[in-house]
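*Asks:* I am attaching a structure below and will ask some questions about it afterwards.
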Amino acid sequence: MNSTRCSKLTALLFVVTLALSAIAPAAAISTDARGVPDDAKVGDEVSAELTLTDLYSDYEEWTLNGETELTDVTWTVTTYDQAGNQKAKESYDGQSFNHSLALDSDASEAVVKVSGTVPEIENFTYDPQQEFAFATLSQTRDGGNSDEIQTWSANHHTEDSSEARTAIADAEDAIGGAPGGADTSDAEDRVGNAISAYEAGNFGNAVDIAGQAEESANSASEDANASAQTNKMLLYGGVAVVGLVVIGGAGFWYRSQQQNTNRLR
């Protein structure tokens, strides 16, 4: 009986293991990026290198697709074998490309260099800041669907929008640094108006309004500090008065005791 049960249990575990193996995801292509900017100015020339390894974890033959919102783009795809020797190098122009990869080519690593110009901004947003797709790499099997490998995004700005963002951030810092009890409601309202101007592309107005918000926040801080100082002085004055009353009362009591003692004599 025990032997039979053990055999059934072993068979069950084997079936479960097979089932889990069937549904477990295959090892994904590994990626590494160098040079992708966090923030870039519209019109600047930028470039980055995107490295792919574990190329054949899913398919032995497939097509690497690349897309970007950069303009005036050049892609360069260089493949290497496991020893680091260069196998092939191809260049493509345009905002997208397709590059075939195969296990029998002995290429175990692909380095994609993308170079181009930071695009114009269609819609400005303050939080989160406007961004664009720096590069998207995907894997496509012949006759199959395309699966995204990874997308790298970057913020972008103009000189005027950057100045406005800095002014708004300074106003927000002034509000955040105000002491407790400071009435910063006016400053907060002005920051909201500055952000609205920023998102409408009225950067000069945004800078002016943000400056007013910062001044309002600083004024509220000064008023709160002055009020706190006044309250502190009143507190100290009150303590001093109480002290004088106590001392005066103690002196009066002492004198009265001395008078009573003299009378008894």
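Following the order of the structure tokens, chains are lettered A, B, ..., residues in each are numbered from 1, and ligands are numbered from 1.
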Quick check for you: according to DSSP on this backbone, which residues of segment 63-168 of chain A are classed as strand (DSSP E or B)? Reply as JSON, numbers by chain.
*Replies:* {"A": [63, 64, 65, 66, 67, 71, 72, 73, 74, 75, 76, 77, 78, 79, 80, 86, 87, 88, 89, 90, 91, 92, 93, 96, 97, 98, 99, 100, 101, 102, 109, 110, 111, 112, 113, 114, 115, 116, 117, 131, 132, 133, 134, 135, 136, 137, 138, 139, 140, 146, 147, 148, 149, 150, 151, 152, 153, 154, 155, 156, 157]}
*Asks:* Go through segment 148-195 of chain A residue by residue and, counting only C-alpha atoms, keep those with an atom at most 10 Å from segment 125-128 of chain A; for each kept residue give the shortest atom pair and its distance in Å to one decimal, ordered by chain and increasing number, as JSON lines.
*Replies:*
```
{"residue": "A:Asn155", "atom": "CA", "partner": "A:Pro128", "partner_atom": "CA", "distance": 9.3}
{"residue": "A:Ser161", "atom": "CA", "partner": "A:Tyr126", "partner_atom": "CA", "distance": 9.6}
{"residue": "A:Ala164", "atom": "CA", "partner": "A:Tyr126", "partner_atom": "CA", "distance": 9.8}
{"residue": "A:Arg165", "atom": "CA", "partner": "A:Tyr126", "partner_atom": "CA", "distance": 7.5}
{"residue": "A:Ile168", "atom": "CA", "partner": "A:Tyr126", "partner_atom": "CA", "distance": 9.4}
{"residue": "A:Ile195", "atom": "CA", "partner": "A:Tyr126", "partner_atom": "CA", "distance": 6.6}
```
*Asks:* With a distance cut-off of 10 Å and only C-alpha atoms, select the neighbouring residues of Ser105 of chain A, excluding the residue or stretch itself and same-chain residues fewer than 4 positions from it, and output the selection as JSON, numbers by chain.
*Replies:* {"A": [61, 79, 80, 81, 87, 88, 101]}
*Asks:* So what do you get for atom CA of Asp106 of chain A versus atom CA of Val36 of chain A, distance-wise?
*Replies:*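 Between atom CA of Asp106 of chain A and atom CA of Val36 of chain A the gap works out to 28.2 Å.
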*Asks:* What gap, in Å, lies between atom CA of Glu90 of chain A and atom CA of Gly143 of chain A?
*Replies:*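 Atom-to-atom, atom CA of Glu90 of chain A and atom CA of Gly143 of chain A are spaced 23.2 Å apart.
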*Asks:* Please determine, counting only C-alpha atoms, which residue among A:Ser108, A:Pro179, A:Glu222, A:Trp152 has the shortest atom-to-atom distance to Asp38 of chain A.
*Replies:*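 So, comparing all the options, the nearest one is A:Trp152.
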*Asks:* Calculated over only C-alpha atoms, which of the candidates A:Ile149, A:Val42, A:Ala187, A:Ala48 has the smallest distance to Ala28 of chain A?
*Replies:* A:Ile149
*Asks:* With only C-alpha atoms as the counted atoms, please give the residues lying no more than 12 Å from Asn218 of chain A, apart from itself and same-chain residues fewer than 6 positions off, as a list in words.
*Replies:*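 The neighbour list is Asp170, Ala171, Glu172, Asp173, Ala174, Ile175, Gly176, Gly177, Ala178, Pro179, Ala182, Asp183, Thr184, Asp186, Ala187, Glu188, Gly211, Gln212, Ala224 and Asn225 of chain A.
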*Asks:* Using N, CA, C and O atoms, can you export the residues from the last selection as a PDB file, in the first residue's frame?
*Replies:*
```
ATOM      1  N   ASP A 170      11.008  76.862  -7.758  1.00  0.00           N
ATOM      2  CA  ASP A 170      11.496  77.750  -6.682  1.00  0.00           C
ATOM      3  C   ASP A 170      10.330  78.218  -5.807  1.00  0.00           C
ATOM      4  O   ASP A 170      10.451  78.290  -4.570  1.00  0.00           O
ATOM      5  N   ALA A 171       9.205  78.540  -6.452  1.00  0.00           N
ATOM      6  CA  ALA A 171       8.022  78.972  -5.690  1.00  0.00           C
ATOM      7  C   ALA A 171       7.501  77.828  -4.824  1.00  0.00           C
ATOM      8  O   ALA A 171       7.122  78.028  -3.661  1.00  0.00           O
ATOM      9  N   GLU A 172       7.476  76.626  -5.381  1.00  0.00           N
ATOM     10  CA  GLU A 172       7.026  75.462  -4.604  1.00  0.00           C
ATOM     11  C   GLU A 172       7.945  75.205  -3.412  1.00  0.00           C
ATOM     12  O   GLU A 172       7.479  74.849  -2.323  1.00  0.00           O
ATOM     13  N   ASP A 173       9.246  75.397  -3.614  1.00  0.00           N
ATOM     14  CA  ASP A 173      10.199  75.221  -2.508  1.00  0.00           C
ATOM     15  C   ASP A 173       9.953  76.260  -1.415  1.00  0.00           C
ATOM     16  O   ASP A 173      10.051  75.952  -0.214  1.00  0.00           O
ATOM     17  N   ALA A 174       9.651  77.493  -1.827  1.00  0.00           N
ATOM     18  CA  ALA A 174       9.383  78.549  -0.840  1.00  0.00           C
ATOM     19  C   ALA A 174       8.136  78.222  -0.028  1.00  0.00           C
ATOM     20  O   ALA A 174       8.094  78.442   1.191  1.00  0.00           O
ATOM     21  N   ILE A 175       7.129  77.675  -0.684  1.00  0.00           N
ATOM     22  CA  ILE A 175       5.906  77.274   0.020  1.00  0.00           C
ATOM     23  C   ILE A 175       6.202  76.113   0.965  1.00  0.00           C
ATOM     24  O   ILE A 175       5.773  76.110   2.127  1.00  0.00           O
ATOM     25  N   GLY A 176       6.930  75.135   0.451  1.00  0.00           N
ATOM     26  CA  GLY A 176       7.246  73.967   1.285  1.00  0.00           C
ATOM     27  C   GLY A 176       8.125  74.308   2.473  1.00  0.00           C
ATOM     28  O   GLY A 176       8.076  73.621   3.498  1.00  0.00           O
ATOM     29  N   GLY A 177       8.941  75.378   2.342  1.00  0.00           N
ATOM     30  CA  GLY A 177       9.836  75.752   3.435  1.00  0.00           C
ATOM     31  C   GLY A 177       9.225  76.736   4.413  1.00  0.00           C
ATOM     32  O   GLY A 177       9.894  77.147   5.371  1.00  0.00           O
ATOM     33  N   ALA A 178       7.970  77.118   4.187  1.00  0.00           N
ATOM     34  CA  ALA A 178       7.321  78.063   5.102  1.00  0.00           C
ATOM     35  C   ALA A 178       7.089  77.408   6.456  1.00  0.00           C
ATOM     36  O   ALA A 178       6.784  76.219   6.537  1.00  0.00           O
ATOM     37  N   PRO A 179       7.222  78.167   7.543  1.00  0.00           N
ATOM     38  CA  PRO A 179       7.023  77.588   8.879  1.00  0.00           C
ATOM     39  C   PRO A 179       5.555  77.268   9.132  1.00  0.00           C
ATOM     40  O   PRO A 179       4.657  77.755   8.445  1.00  0.00           O
ATOM     41  N   ALA A 182       2.085  79.510   8.727  1.00  0.00           N
ATOM     42  CA  ALA A 182       2.164  80.507   7.664  1.00  0.00           C
ATOM     43  C   ALA A 182       1.002  80.309   6.691  1.00  0.00           C
ATOM     44  O   ALA A 182       0.705  79.189   6.281  1.00  0.00           O
ATOM     45  N   ASP A 183       0.370  81.378   6.312  1.00  0.00           N
ATOM     46  CA  ASP A 183      -0.752  81.317   5.369  1.00  0.00           C
ATOM     47  C   ASP A 183      -0.205  81.448   3.946  1.00  0.00           C
ATOM     48  O   ASP A 183       0.033  82.556   3.455  1.00  0.00           O
ATOM     49  N   THR A 184      -0.022  80.310   3.290  1.00  0.00           N
ATOM     50  CA  THR A 184       0.547  80.303   1.936  1.00  0.00           C
ATOM     51  C   THR A 184      -0.525  80.074   0.871  1.00  0.00           C
ATOM     52  O   THR A 184      -0.201  79.719  -0.256  1.00  0.00           O
ATOM     53  N   ASP A 186      -2.378  82.119  -0.789  1.00  0.00           N
ATOM     54  CA  ASP A 186      -2.231  83.002  -1.954  1.00  0.00           C
ATOM     55  C   ASP A 186      -1.104  82.502  -2.856  1.00  0.00           C
ATOM     56  O   ASP A 186      -1.251  82.459  -4.082  1.00  0.00           O
ATOM     57  N   ALA A 187       0.011  82.119  -2.251  1.00  0.00           N
ATOM     58  CA  ALA A 187       1.149  81.613  -3.022  1.00  0.00           C
ATOM     59  C   ALA A 187       0.770  80.337  -3.758  1.00  0.00           C
ATOM     60  O   ALA A 187       1.155  80.136  -4.918  1.00  0.00           O
ATOM     61  N   GLU A 188       0.028  79.470  -3.098  1.00  0.00           N
ATOM     62  CA  GLU A 188      -0.380  78.213  -3.730  1.00  0.00           C
ATOM     63  C   GLU A 188      -1.295  78.468  -4.924  1.00  0.00           C
ATOM     64  O   GLU A 188      -1.176  77.807  -5.969  1.00  0.00           O
ATOM     65  N   GLY A 211       7.171  84.013  -9.848  1.00  0.00           N
ATOM     66  CA  GLY A 211       7.937  84.955  -9.022  1.00  0.00           C
ATOM     67  C   GLY A 211       7.058  85.604  -7.973  1.00  0.00           C
ATOM     68  O   GLY A 211       7.473  85.791  -6.815  1.00  0.00           O
ATOM     69  N   GLN A 212       5.833  85.970  -8.369  1.00  0.00           N
ATOM     70  CA  GLN A 212       4.881  86.540  -7.413  1.00  0.00           C
ATOM     71  C   GLN A 212       4.532  85.516  -6.326  1.00  0.00           C
ATOM     72  O   GLN A 212       4.394  85.874  -5.152  1.00  0.00           O
ATOM     73  N   ALA A 224       4.728  84.907   9.608  1.00  0.00           N
ATOM     74  CA  ALA A 224       4.595  83.828  10.592  1.00  0.00           C
ATOM     75  C   ALA A 224       5.734  83.869  11.600  1.00  0.00           C
ATOM     76  O   ALA A 224       5.520  83.669  12.806  1.00  0.00           O
ATOM     77  N   ASN A 225       6.944  84.153  11.118  1.00  0.00           N
ATOM     78  CA  ASN A 225       8.085  84.242  12.039  1.00  0.00           C
ATOM     79  C   ASN A 225       7.943  85.423  12.974  1.00  0.00           C
ATOM     80  O   ASN A 225       8.256  85.323  14.177  1.00  0.00           O
TER      81      ASN A 225
END
```
*Asks:* With distances taken over only C-alpha atoms, which residue among A:Ala33, A:Ala40, A:Ala167, A:Ala154 lies nearest Phe203 of chain A?
*Replies:*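 Between A:Ala33, A:Ala40, A:Ala167, A:Ala154, the residue approaching Phe203 of chain A most closely is A:Ala167.
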*Asks:* Could you please determine the separation between atom CA of Ile209 of chain A and atom CA of Ile121 of chain A in Å, to one decimal place?
*Replies:*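 Atom CA of Ile121 of chain A lies at a distance of 22.5 Å from atom CA of Ile209 of chain A.
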*Asks:* May I have the residues within 10 Å of Thr117 of chain A as a ChimeraX atom specification, using only C-alpha atoms and disregarding those fewer than 6 positions away in the same chain?
*Replies:* /A:40-47,69-73
*Asks:* Taking into account only C-alpha atoms, which residue in the set A:Glu122, A:Asp142, A:Asp147, A:Asp93 is nearest to Ile29 of chain A?
*Replies:*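 Among A:Glu122, A:Asp142, A:Asp147, A:Asp93, it is A:Asp147 that comes nearest to Ile29 of chain A.
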*Asks:* Which of segment 133-175 of chain A end up as alpha helix (DSSP H) when DSSP is run on this backbone - answer as number ranges by chain?
*Replies:* A: 159-175
*Asks:* What does the file look like for those residues with N, CA, C and O atoms, as a short mmCIF file (atom, residue, chain, number, x, y, z; two decimals), in the first residue's frame?
*Replies:*
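Result file part_8.cif:
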```cif
data_model
loop_
_atom_site.label_atom_id
_atom_site.label_comp_id
_atom_site.auth_asym_id
_atom_site.auth_seq_id
_atom_site.Cartn_x
_atom_site.Cartn_y
_atom_site.Cartn_z
N GLU A 159 14.40 76.15 -24.00
CA GLU A 159 15.06 77.06 -23.06
C GLU A 159 14.03 77.83 -22.24
O GLU A 159 14.19 78.01 -21.02
N ASP A 160 12.95 78.27 -22.89
CA ASP A 160 11.92 79.04 -22.18
C ASP A 160 11.14 78.16 -21.20
O ASP A 160 10.84 78.60 -20.08
N SER A 161 10.81 76.95 -21.62
CA SER A 161 10.05 76.07 -20.72
C SER A 161 10.88 75.67 -19.51
O SER A 161 10.37 75.54 -18.40
N SER A 162 12.18 75.51 -19.72
CA SER A 162 13.07 75.16 -18.60
C SER A 162 13.13 76.30 -17.58
O SER A 162 13.10 76.07 -16.37
N GLU A 163 13.20 77.55 -18.08
CA GLU A 163 13.22 78.71 -17.17
C GLU A 163 11.93 78.77 -16.36
O GLU A 163 11.95 79.04 -15.15
N ALA A 164 10.80 78.51 -17.03
CA ALA A 164 9.52 78.55 -16.34
C ALA A 164 9.42 77.45 -15.29
O ALA A 164 8.93 77.67 -14.18
N ARG A 165 9.88 76.25 -15.63
CA ARG A 165 9.84 75.14 -14.67
C ARG A 165 10.68 75.47 -13.43
O ARG A 165 10.29 75.18 -12.30
N THR A 166 11.83 76.07 -13.66
CA THR A 166 12.71 76.43 -12.54
C THR A 166 12.03 77.45 -11.63
O THR A 166 12.09 77.34 -10.40
N ALA A 167 11.37 78.44 -12.24
CA ALA A 167 10.69 79.47 -11.45
C ALA A 167 9.56 78.87 -10.63
O ALA A 167 9.37 79.21 -9.44
N ILE A 168 8.80 77.97 -11.23
CA ILE A 168 7.69 77.32 -10.50
C ILE A 168 8.23 76.45 -9.38
O ILE A 168 7.70 76.45 -8.26
N ALA A 169 9.30 75.72 -9.67
CA ALA A 169 9.90 74.86 -8.64
C ALA A 169 10.42 75.69 -7.46
O ALA A 169 10.29 75.30 -6.30
N ASP A 170 11.01 76.86 -7.76
CA ASP A 170 11.50 77.75 -6.68
C ASP A 170 10.33 78.22 -5.81
O ASP A 170 10.45 78.29 -4.57
N ALA A 171 9.20 78.54 -6.45
CA ALA A 171 8.02 78.97 -5.69
C ALA A 171 7.50 77.83 -4.82
O ALA A 171 7.12 78.03 -3.66
N GLU A 172 7.48 76.63 -5.38
CA GLU A 172 7.03 75.46 -4.60
C GLU A 172 7.94 75.21 -3.41
O GLU A 172 7.48 74.85 -2.32
N ASP A 173 9.25 75.40 -3.61
CA ASP A 173 10.20 75.22 -2.51
C ASP A 173 9.95 76.26 -1.42
O ASP A 173 10.05 75.95 -0.21
N ALA A 174 9.65 77.49 -1.83
CA ALA A 174 9.38 78.55 -0.84
C ALA A 174 8.14 78.22 -0.03
O ALA A 174 8.09 78.44 1.19
N ILE A 175 7.13 77.68 -0.68
CA ILE A 175 5.91 77.27 0.02
C ILE A 175 6.20 76.11 0.96
O ILE A 175 5.77 76.11 2.13
#
```
*Asks:* Please provide as a PyMOL selection string all residues within 7 Å of Thr140 of chain A, with the sequence filter that same-chain residues fewer than 2 positions apart are discarded (counting only C-alpha atoms).
*Replies:* chain A and resi 62-64+138+142+144-147
*Asks:* Between A:Thr31, A:Ser91, A:Thr74, A:His157, single out the one closest to Glu120 of chain A, counting only C-alpha atoms.
*Replies:*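 Using only C-alpha atoms, Glu120 of chain A sits closest to A:His157.
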*Asks:* Excluding Thr78 of chain A and residues on its chain fewer than 3 positions from it, collect all residues at most 6 Å away from it, counting only C-alpha atoms, and give them as JSON, numbers by chain.
*Replies:* {"A": [88, 89, 110, 111]}
